[in-house]
Amino acid sequence: MKCADILVIGGGPGGLGAAIEAAKAGASVLLVDENPRMGGQLYKQIHKFFGSQTHYAGQRGFDIADTLIAEAARAGVELLPQTRALGCFDEGQFALLSLANQDATRLRTMKARRVILATGAKENAVAFPGWTLPGVMTAGAAQTLANIYGVLPGKRILILGSGNVGLIVGYQLMQAGAQVLGIVDVLPSVHGYEVHAAKLRRANVPIYLGSTVVEARGETRVQQVIIGQVDACFQPIEGTHQTIECDTVLLAVGLSPRTEIAAMFGCDMTFERRLGGLMPIHDETMCTSNQTIYVCGDLAGVEEASTALDEGRLAGIHAAAACGYGDEARHARVAALQSSLNTLRSGMHGQPRKEAKNDILQLAHRKGIVGETI
Amino acid sequence: MRKVFIDCPQNIPCNPCQFCCPTSAITIGEDITNPPQVNLEKCIGCGRCVAACPGQACFLVDTEFHPGIASVDFPYEYLPLPTAGMRVQAQDNCGAVLCTGLVVAVVAAKAGDHTPVVRLSVPREFAYQVRSIAHLPAE
Ligand SMILES: Cc1cc2nc3c(=O)[nH]c(=O)nc-3n(C[C@H](O)[C@H](O)[C@H](O)COP(=O)(O)OP(=O)(O)OC[C@H]3O[C@@H](n4cnc5c(N)ncnc54)[C@H](O)[C@@H]3O)c2cc1C
Ligand code: SF4
Ligand code: SF4
């Protein structure tokens, strides 16, 4: 049976950062991701990332993924794409399922001393009459269709949700030749960054604030959508309805951490609205209530690629140290990463996340969750 | 002379503009959510920030392009691309048409990761309002 010091589950910026640091410290590292290519969300992003230059911002998402994959390979990480981690048996063996058709040994087990979970987040949905019609899908699904498979999900598109995901996907679909008929959000102001909203405004895309989708109509797929304004309790206001002729409705209403595997490992959870909902409690070392399990990235609270990368690196350094790897320089490295995370979590969009993260850390202390000191 | 003009109104965690500038004309500083500060005296009008900014918030403006005419450089990532000599509709930040502009040049440099940058000449009074152009019909 295969053995490694550290198993990293999920190959987005969080998992890649974790694998790179752990391998650089000297640990043997296996990184698995269910997709044909490593990179997680990065691989679907054709836009130049906002964020910090030292975290590769300004580069296009898929280029950042390639840079990190190359760095991981150089550091000696064993990369296993098209492999889904299913869970853990009682005897401490991990089950890995290969999704590559030609692979004869589809199900394999392995042993690892520490596991770093970087499973990312899943998209939320909202229900309204007609939401099961073909043509209603999540923004991420539309992005996968357009950017990975080169298929335009529709020609006339309405987007529910004005966060960065809705804004960025809307812009990308316009670049691909679709018409974006509007962005609808119950909030009184745009939820994402103004610079991203401006790209849509410049293209004459109306942004309907204080509004929601009331109903989607159509015979065999979406043909019309009724939108209307909402009151202070987010209930539709009679007489404000308008009809928009469109063939696609994208739901961009937030992300929630993908907690299934963490839950399977018995990691204690908490509900933190500011970070996407239910998530594993962790301390400064990214260790959970299960001392062998570390978490990072969107799983440890939905944020951004820059923060995912830094949290991953923290998890990688600590998990490697728990296995006995790493030199003196790691202490300075940890301090630098923590201060970097601190500056990333500031400003009007970041401050609430910083406060939420601090609450999680305090909760971890109260519950006696402490990773091994390094 | 062409000089940078930045329209980045929020405290967002972002700083590629600072790092791409060869003359340190743009400063964000230690705190990454600071809005960019521009030192116009240092700006040499190279245009790197125009292509590098992921928020498409950096522009180059030359108010002395011709008498009464200014030039504005902005990123434009839609097909078909305009070509030099075309007359197009210049738009403001909300997509409203301001005036007709003349395309001076379109450059998609490798240094800017192939983001096309359009240089448009417009009547001078619109110099700081132009952000983009009306999309061109598919061929
Ligand atoms: C449209 C869009 C635009 C964005 N733009 C920006 C931006 O400009 N700047 C920025 O900083 N951030 C941006 N982000 C956010 C950023 O992409 C995420 O915050 C970041 O990717 C989170 O990294 P992660 O490693 O935690 O998760 P992910 O990148 O989601 O990676 C998780 C990976 O784990 C895999 N996985 C999950 N479970 C298993 C399992 N059991 N077995 C194997 N594999 C598994 C998943 O398939 C996935 O590949 C954007 C996000 C979206 C959706
Ligand atoms: S145009 Fe060139 S010199 Fe001026 S601010 Fe932009 S990058 Fe710097
Ligand atoms: S790179 Fe662009 S979006 Fe980012 S801070 Fe600079 S001007 Fe603003």
# chains A, B, ... in the order shown; residues from 1 in each chain; ligands from 1
$ residues_near_ligand --ligand "ligand 1" --cutoff "6 Å" --atoms "only C-alpha atoms and all ligand atoms" --output "CSV table (one decimal) with N, CA and C atoms, in the first residue's frame"
chain,number,residue,atom,x,y,z
A,9,ILE,N,-5.8,16.9,0.0
A,9,ILE,CA,-7.0,16.6,-0.8
A,9,ILE,C,-7.5,17.9,-1.4
A,10,GLY,N,-7.5,18.1,-2.7
A,10,GLY,CA,-7.9,19.3,-3.4
A,10,GLY,C,-6.7,20.1,-3.9
A,11,GLY,N,-6.7,20.3,-5.2
A,11,GLY,CA,-5.6,21.0,-5.9
A,11,GLY,C,-5.8,22.4,-6.3
A,12,GLY,N,-6.6,23.2,-5.6
A,12,GLY,CA,-6.7,24.6,-5.8
A,12,GLY,C,-5.5,25.3,-5.2
A,13,PRO,N,-5.6,26.7,-5.2
A,13,PRO,CA,-4.5,27.4,-4.6
A,13,PRO,C,-4.2,27.0,-3.1
A,14,GLY,N,-5.2,26.7,-2.4
A,14,GLY,CA,-5.0,26.2,-1.0
A,14,GLY,C,-4.2,24.9,-0.9
A,15,GLY,N,-4.7,23.9,-1.7
A,15,GLY,CA,-4.0,22.6,-1.7
A,15,GLY,C,-2.6,22.7,-2.3
A,32,VAL,N,-4.0,15.1,-4.3
A,32,VAL,CA,-5.0,14.5,-5.2
A,32,VAL,C,-6.1,15.6,-5.5
A,33,ASP,N,-6.6,15.6,-6.8
A,33,ASP,CA,-7.7,16.4,-7.2
A,33,ASP,C,-8.6,15.7,-8.1
A,34,GLU,N,-9.9,15.9,-8.0
A,34,GLU,CA,-10.8,15.1,-8.9
A,34,GLU,C,-10.8,15.5,-10.3
A,35,ASN,N,-10.3,16.7,-10.6
A,35,ASN,CA,-10.4,17.2,-12.0
A,35,ASN,C,-9.3,16.7,-12.9
A,40,GLY,N,-7.9,23.8,-9.3
A,40,GLY,CA,-9.2,24.2,-8.6
A,40,GLY,C,-9.9,25.3,-9.4
A,41,GLN,N,-10.4,26.3,-8.7
A,41,GLN,CA,-11.1,27.4,-9.3
A,41,GLN,C,-10.1,28.2,-10.3
A,42,LEU,N,-8.9,28.2,-10.0
A,42,LEU,CA,-7.9,29.0,-10.8
A,42,LEU,C,-8.0,28.6,-12.3
A,49,PHE,N,-6.2,38.1,-12.3
A,49,PHE,CA,-6.7,38.1,-11.0
A,49,PHE,C,-6.4,39.4,-10.3
A,50,PHE,N,-7.4,39.9,-9.5
A,50,PHE,CA,-7.1,40.9,-8.6
A,50,PHE,C,-6.4,40.3,-7.4
A,51,GLY,N,-5.8,41.1,-6.5
A,51,GLY,CA,-5.2,40.5,-5.4
A,51,GLY,C,-3.8,41.0,-5.3
A,83,THR,N,-8.4,12.1,-9.4
A,83,THR,CA,-8.5,11.2,-8.3
A,83,THR,C,-9.3,11.8,-7.2
A,84,ARG,N,-10.4,11.2,-6.8
A,84,ARG,CA,-11.3,11.7,-5.8
A,84,ARG,C,-11.0,11.0,-4.5
A,85,ALA,N,-10.8,11.8,-3.4
A,85,ALA,CA,-10.6,11.1,-2.1
A,85,ALA,C,-12.1,10.8,-1.6
A,86,LEU,N,-12.3,9.6,-1.3
A,86,LEU,CA,-13.7,9.2,-0.9
A,86,LEU,C,-13.8,9.3,0.6
A,118,ALA,N,-8.3,20.6,1.4
A,118,ALA,CA,-8.4,21.9,0.7
A,118,ALA,C,-9.4,21.7,-0.4
A,119,THR,N,-10.6,21.3,0.1
A,119,THR,CA,-11.7,20.8,-0.8
A,119,THR,C,-12.5,22.0,-1.4
A,120,GLY,N,-12.2,23.2,-1.0
A,120,GLY,CA,-12.8,24.4,-1.6
A,120,GLY,C,-14.3,24.6,-1.2
A,121,ALA,N,-15.1,25.1,-2.1
A,121,ALA,CA,-16.5,25.5,-1.7
A,121,ALA,C,-17.4,25.0,-2.8
A,165,VAL,N,-18.3,36.8,-8.2
A,165,VAL,CA,-18.5,35.7,-9.1
A,165,VAL,C,-19.5,36.1,-10.2
A,168,ILE,N,-17.9,38.7,-12.5
A,168,ILE,CA,-16.8,38.2,-13.4
A,168,ILE,C,-17.3,37.3,-14.4
A,169,VAL,N,-18.2,36.3,-14.0
A,169,VAL,CA,-18.8,35.4,-15.0
A,169,VAL,C,-19.6,36.1,-16.0
A,297,GLY,N,-8.0,27.3,2.8
A,297,GLY,CA,-8.7,27.8,1.7
A,297,GLY,C,-10.2,28.0,1.9
A,298,ASP,N,-10.9,27.9,0.8
A,298,ASP,CA,-12.4,28.2,0.9
A,298,ASP,C,-13.1,27.2,1.9
A,299,LEU,N,-12.5,26.0,2.1
A,299,LEU,CA,-13.1,25.1,3.1
A,299,LEU,C,-13.1,25.7,4.5
A,303,GLU,N,-13.1,32.7,1.0
A,303,GLU,CA,-12.4,34.0,0.8
A,303,GLU,C,-11.9,34.1,-0.7
A,304,GLU,N,-10.6,34.3,-0.8
A,304,GLU,CA,-10.1,34.5,-2.2
A,304,GLU,C,-8.8,33.7,-2.4
A,305,ALA,N,-8.3,33.7,-3.6
A,305,ALA,CA,-7.2,32.9,-4.0
A,305,ALA,C,-6.0,33.2,-3.1
A,306,SER,N,-5.7,34.5,-2.9
A,306,SER,CA,-4.5,35.0,-2.2
A,306,SER,C,-4.6,34.4,-0.8
A,308,ALA,N,-6.3,31.8,0.3
A,308,ALA,CA,-6.3,30.4,0.2
A,308,ALA,C,-4.8,29.9,0.1
$ interface_residues --of "chain A" --to "chain B" --cutoff "6 Å" --atoms "only C-alpha atoms" --output "compact mmCIF listing (two decimals) with all heavy atoms, in the first residue's frame"
# COMPACT_ATOMS: atom_id res chain seq x y z
N LYS A 48 -7.50 38.31 -15.53
CA LYS A 48 -6.35 38.63 -14.69
C LYS A 48 -6.86 38.79 -13.27
O LYS A 48 -7.80 39.54 -13.03
CB LYS A 48 -5.69 39.92 -15.18
CG LYS A 48 -5.02 39.75 -16.53
CD LYS A 48 -4.37 41.03 -16.99
CE LYS A 48 -3.72 40.78 -18.34
NZ LYS A 48 -3.28 42.02 -18.99
N PHE A 49 -6.23 38.07 -12.34
CA PHE A 49 -6.70 38.09 -10.96
C PHE A 49 -6.42 39.42 -10.29
O PHE A 49 -5.36 40.01 -10.49
CB PHE A 49 -6.04 36.96 -10.17
CG PHE A 49 -6.91 35.74 -10.09
CD1 PHE A 49 -7.54 35.27 -11.23
CD2 PHE A 49 -7.11 35.09 -8.90
CE1 PHE A 49 -8.35 34.15 -11.17
CE2 PHE A 49 -7.92 33.98 -8.82
CZ PHE A 49 -8.54 33.50 -9.95
N PHE A 50 -7.38 39.86 -9.52
CA PHE A 50 -7.07 40.95 -8.60
C PHE A 50 -6.42 40.30 -7.39
O PHE A 50 -6.43 39.09 -7.24
CB PHE A 50 -8.34 41.71 -8.19
CG PHE A 50 -9.38 40.86 -7.56
CD1 PHE A 50 -9.33 40.58 -6.21
CD2 PHE A 50 -10.40 40.32 -8.31
CE1 PHE A 50 -10.29 39.76 -5.61
CE2 PHE A 50 -11.35 39.50 -7.73
CZ PHE A 50 -11.29 39.23 -6.38
N GLY A 51 -5.85 41.09 -6.53
CA GLY A 51 -5.19 40.54 -5.35
C GLY A 51 -3.78 41.04 -5.27
O GLY A 51 -3.44 42.05 -5.88
N SER A 52 -2.95 40.31 -4.53
CA SER A 52 -1.61 40.82 -4.25
C SER A 52 -0.60 40.26 -5.24
O SER A 52 -0.65 39.09 -5.61
CB SER A 52 -1.25 40.48 -2.81
OG SER A 52 -0.02 39.87 -2.74
N GLN A 53 0.30 41.12 -5.68
CA GLN A 53 1.30 40.74 -6.67
C GLN A 53 2.13 39.56 -6.19
O GLN A 53 2.46 38.66 -6.95
CB GLN A 53 2.20 41.94 -6.94
CG GLN A 53 3.19 41.74 -8.08
CD GLN A 53 2.54 41.90 -9.44
OE1 GLN A 53 1.48 42.49 -9.56
NE2 GLN A 53 3.18 41.36 -10.46
N GLY A 58 -2.72 39.80 -11.12
CA GLY A 58 -2.34 40.42 -12.38
C GLY A 58 -2.12 39.36 -13.45
O GLY A 58 -2.17 39.66 -14.63
N GLN A 175 -17.72 38.50 -23.18
CA GLN A 175 -16.53 38.35 -24.03
C GLN A 175 -16.71 37.17 -25.00
O GLN A 175 -16.21 37.20 -26.11
CB GLN A 175 -15.30 38.09 -23.18
CG GLN A 175 -14.83 39.29 -22.40
CD GLN A 175 -13.55 38.97 -21.66
OE1 GLN A 175 -13.57 38.27 -20.66
NE2 GLN A 175 -12.44 39.45 -22.17
N VAL A 195 -14.79 47.96 -9.31
CA VAL A 195 -14.05 47.88 -10.58
C VAL A 195 -14.60 46.76 -11.48
O VAL A 195 -14.59 46.89 -12.71
CB VAL A 195 -12.52 47.68 -10.37
CG1 VAL A 195 -11.88 48.96 -9.88
CG2 VAL A 195 -12.21 46.51 -9.46
N HIS A 196 -15.09 45.67 -10.86
CA HIS A 196 -15.68 44.60 -11.69
C HIS A 196 -17.07 45.01 -12.19
O HIS A 196 -17.45 44.69 -13.32
CB HIS A 196 -15.77 43.31 -10.89
CG HIS A 196 -14.43 42.71 -10.58
ND1 HIS A 196 -13.47 42.53 -11.54
CD2 HIS A 196 -13.90 42.24 -9.43
CE1 HIS A 196 -12.40 41.99 -10.98
NE2 HIS A 196 -12.62 41.81 -9.71
N ARG A 201 -21.18 47.86 -16.34
CA ARG A 201 -21.90 49.13 -16.58
C ARG A 201 -21.45 49.74 -17.90
O ARG A 201 -22.24 50.25 -18.67
CB ARG A 201 -21.60 50.11 -15.45
CG ARG A 201 -22.26 49.74 -14.14
CD ARG A 201 -22.53 50.99 -13.32
NE ARG A 201 -23.10 50.63 -12.04
CZ ARG A 201 -22.36 50.44 -10.95
NH1 ARG A 201 -21.05 50.63 -10.98
NH2 ARG A 201 -22.95 50.09 -9.83
N ARG A 202 -20.12 49.69 -18.14
CA ARG A 202 -19.59 50.27 -19.38
C ARG A 202 -20.17 49.56 -20.60
O ARG A 202 -20.20 50.12 -21.68
CB ARG A 202 -18.06 50.12 -19.42
CG ARG A 202 -17.36 51.05 -18.49
CD ARG A 202 -15.88 50.71 -18.40
NE ARG A 202 -15.30 51.35 -17.23
CZ ARG A 202 -14.15 51.01 -16.68
NH1 ARG A 202 -13.45 50.01 -17.19
NH2 ARG A 202 -13.70 51.64 -15.64
N ALA A 203 -20.59 48.31 -20.42
CA ALA A 203 -21.19 47.57 -21.53
C ALA A 203 -22.72 47.69 -21.49
O ALA A 203 -23.43 46.90 -22.11
CB ALA A 203 -20.77 46.11 -21.47
N ASN A 204 -23.21 48.69 -20.73
CA ASN A 204 -24.65 48.95 -20.66
C ASN A 204 -25.47 47.85 -20.04
O ASN A 204 -26.66 47.70 -20.35
CB ASN A 204 -25.20 49.24 -22.07
CG ASN A 204 -25.00 50.69 -22.42
OD1 ASN A 204 -25.42 51.57 -21.67
ND2 ASN A 204 -24.32 50.95 -23.52
N THR A 343 -3.06 41.59 6.39
CA THR A 343 -3.24 42.75 5.50
C THR A 343 -4.24 42.43 4.40
O THR A 343 -4.99 43.30 3.97
CB THR A 343 -1.92 43.21 4.85
OG1 THR A 343 -1.17 42.08 4.49
CG2 THR A 343 -1.11 44.09 5.76
N LEU A 344 -4.27 41.17 3.94
CA LEU A 344 -5.25 40.81 2.90
C LEU A 344 -6.68 40.98 3.43
O LEU A 344 -7.60 41.32 2.68
CB LEU A 344 -5.05 39.37 2.44
CG LEU A 344 -3.83 39.10 1.54
CD1 LEU A 344 -3.62 37.61 1.36
CD2 LEU A 344 -3.99 39.77 0.19
N GLY A 347 -9.84 46.49 4.79
CA GLY A 347 -10.70 47.22 3.86
C GLY A 347 -12.15 46.82 4.05
O GLY A 347 -12.46 45.92 4.82
$ atom_distance --atom1 "atom CA of Met1 of chain A" --atom2 "atom CA of Arg108 of chain A"
8.3 Å
$ residues_near_ligand --ligand "ligand 2" --cutoff "8 Å" --atoms "only C-alpha atoms and all ligand atoms" --output "PyMOL selection string"
chain B and resi 2-4+17-18+20-26+38-40+42-50+58-60
$ select_by_dssp --residues "segment 5-127 of chain B" --states "strand (DSSP E)" --output "PyMOL selection string"
chain B and resi 5-6+26-27+37-38+58-66+69-75+87-91+97-107+117-123
$ select_by_dssp --residues "chain B" --states "helix (DSSP H, G or I)" --output "list of chain:residue names"
B:Pro16, B:Cys17, B:Gln18, B:Phe19, B:Cys20, B:Arg48, B:Cys49, B:Val50, B:Ala51, B:Ala52, B:Lys110, B:Ala111, B:Gly112, B:Arg124, B:Glu125, B:Phe126
$ write_last_selection --atoms "all heavy atoms" --output "short mmCIF file (atom, residue, chain, number, x, y, z; two decimals), in the first residue's frame"
data_model
loop_
_atom_site.label_atom_id
_atom_site.label_comp_id
_atom_site.auth_asym_id
_atom_site.auth_seq_id
_atom_site.Cartn_x
_atom_site.Cartn_y
_atom_site.Cartn_z
N PRO B 16 -1.45 44.98 -8.35
CA PRO B 16 -0.60 44.81 -9.55
C PRO B 16 -0.18 46.15 -10.19
O PRO B 16 0.91 46.23 -10.76
CB PRO B 16 -1.49 44.01 -10.51
CG PRO B 16 -2.42 43.27 -9.63
CD PRO B 16 -2.69 44.17 -8.47
N CYS B 17 -1.00 47.19 -10.07
CA CYS B 17 -0.64 48.48 -10.67
C CYS B 17 0.68 48.98 -10.10
O CYS B 17 1.55 49.47 -10.83
CB CYS B 17 -1.74 49.51 -10.45
SG CYS B 17 -2.25 49.70 -8.74
N GLN B 18 0.85 48.84 -8.79
CA GLN B 18 2.08 49.31 -8.15
C GLN B 18 3.29 48.54 -8.68
O GLN B 18 4.34 49.13 -8.96
CB GLN B 18 1.96 49.13 -6.64
CG GLN B 18 3.29 49.19 -5.91
CD GLN B 18 3.12 49.11 -4.41
OE1 GLN B 18 2.68 50.04 -3.77
NE2 GLN B 18 3.46 47.98 -3.82
N PHE B 19 3.15 47.23 -8.84
CA PHE B 19 4.30 46.42 -9.20
C PHE B 19 4.67 46.49 -10.67
O PHE B 19 5.81 46.26 -11.04
CB PHE B 19 4.07 44.97 -8.77
CG PHE B 19 4.26 44.77 -7.31
CD1 PHE B 19 3.21 44.96 -6.43
CD2 PHE B 19 5.50 44.45 -6.79
CE1 PHE B 19 3.39 44.82 -5.06
CE2 PHE B 19 5.70 44.30 -5.43
CZ PHE B 19 4.63 44.48 -4.56
N CYS B 20 3.69 46.80 -11.52
CA CYS B 20 4.01 46.83 -12.95
C CYS B 20 4.66 48.14 -13.37
O CYS B 20 5.26 48.24 -14.43
CB CYS B 20 2.76 46.58 -13.79
SG CYS B 20 1.67 48.00 -13.86
N ARG B 48 1.90 50.50 -19.14
CA ARG B 48 1.91 49.13 -18.61
C ARG B 48 0.74 48.89 -17.66
O ARG B 48 0.13 47.83 -17.67
CB ARG B 48 3.21 48.86 -17.85
CG ARG B 48 4.33 48.56 -18.78
CD ARG B 48 5.52 48.04 -18.04
NE ARG B 48 6.70 48.44 -18.79
CZ ARG B 48 7.93 48.19 -18.44
NH1 ARG B 48 8.17 47.55 -17.32
NH2 ARG B 48 8.93 48.58 -19.18
N CYS B 49 0.44 49.88 -16.82
CA CYS B 49 -0.63 49.70 -15.84
C CYS B 49 -1.99 49.53 -16.53
O CYS B 49 -2.86 48.83 -16.01
CB CYS B 49 -0.66 50.86 -14.86
SG CYS B 49 -0.77 52.47 -15.65
N VAL B 50 -2.17 50.13 -17.69
CA VAL B 50 -3.45 50.05 -18.39
C VAL B 50 -3.77 48.58 -18.71
O VAL B 50 -4.89 48.11 -18.51
CB VAL B 50 -3.43 50.89 -19.68
CG1 VAL B 50 -4.76 50.77 -20.42
CG2 VAL B 50 -3.14 52.34 -19.36
N ALA B 51 -2.76 47.85 -19.19
CA ALA B 51 -2.99 46.45 -19.53
C ALA B 51 -2.92 45.56 -18.29
O ALA B 51 -3.58 44.53 -18.24
CB ALA B 51 -1.95 45.99 -20.55
N ALA B 52 -2.16 45.96 -17.28
CA ALA B 52 -1.92 45.06 -16.14
C ALA B 52 -3.05 45.08 -15.12
O ALA B 52 -3.29 44.07 -14.46
CB ALA B 52 -0.62 45.45 -15.44
N LYS B 110 2.60 41.51 -25.81
CA LYS B 110 2.89 40.34 -24.99
C LYS B 110 3.15 40.79 -23.55
O LYS B 110 2.74 40.12 -22.60
CB LYS B 110 4.12 39.62 -25.56
CG LYS B 110 4.40 38.29 -24.90
CD LYS B 110 5.10 37.34 -25.86
CE LYS B 110 5.29 35.96 -25.21
NZ LYS B 110 6.38 35.94 -24.23
N ALA B 111 3.82 41.93 -23.40
CA ALA B 111 4.13 42.43 -22.06
C ALA B 111 2.86 42.66 -21.25
O ALA B 111 2.85 42.54 -20.03
CB ALA B 111 4.94 43.72 -22.15
N GLY B 112 1.76 42.98 -21.93
CA GLY B 112 0.49 43.19 -21.23
C GLY B 112 -0.36 41.95 -21.25
O GLY B 112 -1.58 42.03 -21.11
N ARG B 124 -11.48 67.31 -26.29
CA ARG B 124 -10.76 67.41 -25.04
C ARG B 124 -11.65 67.41 -23.79
O ARG B 124 -11.27 66.87 -22.75
CB ARG B 124 -9.95 68.72 -25.09
CG ARG B 124 -8.85 68.76 -24.12
CD ARG B 124 -7.99 69.93 -24.48
NE ARG B 124 -7.31 70.41 -23.29
CZ ARG B 124 -6.46 71.42 -23.30
NH1 ARG B 124 -6.22 72.07 -24.42
NH2 ARG B 124 -5.86 71.78 -22.21
N GLU B 125 -12.86 67.95 -23.90
CA GLU B 125 -13.69 68.04 -22.68
C GLU B 125 -14.09 66.66 -22.15
O GLU B 125 -14.50 66.54 -21.00
CB GLU B 125 -14.94 68.91 -22.92
CG GLU B 125 -15.97 68.34 -23.89
CD GLU B 125 -15.92 69.02 -25.26
OE1 GLU B 125 -14.79 69.27 -25.75
OE2 GLU B 125 -16.99 69.30 -25.81
N PHE B 126 -13.97 65.63 -22.99
CA PHE B 126 -14.36 64.29 -22.54
C PHE B 126 -13.17 63.46 -22.04
O PHE B 126 -13.33 62.30 -21.66
CB PHE B 126 -15.07 63.53 -23.66
CG PHE B 126 -16.32 64.21 -24.14
CD1 PHE B 126 -16.42 64.68 -25.45
CD2 PHE B 126 -17.39 64.40 -23.28
CE1 PHE B 126 -17.57 65.31 -25.89
CE2 PHE B 126 -18.55 65.03 -23.72
CZ PHE B 126 -18.63 65.49 -25.03
#
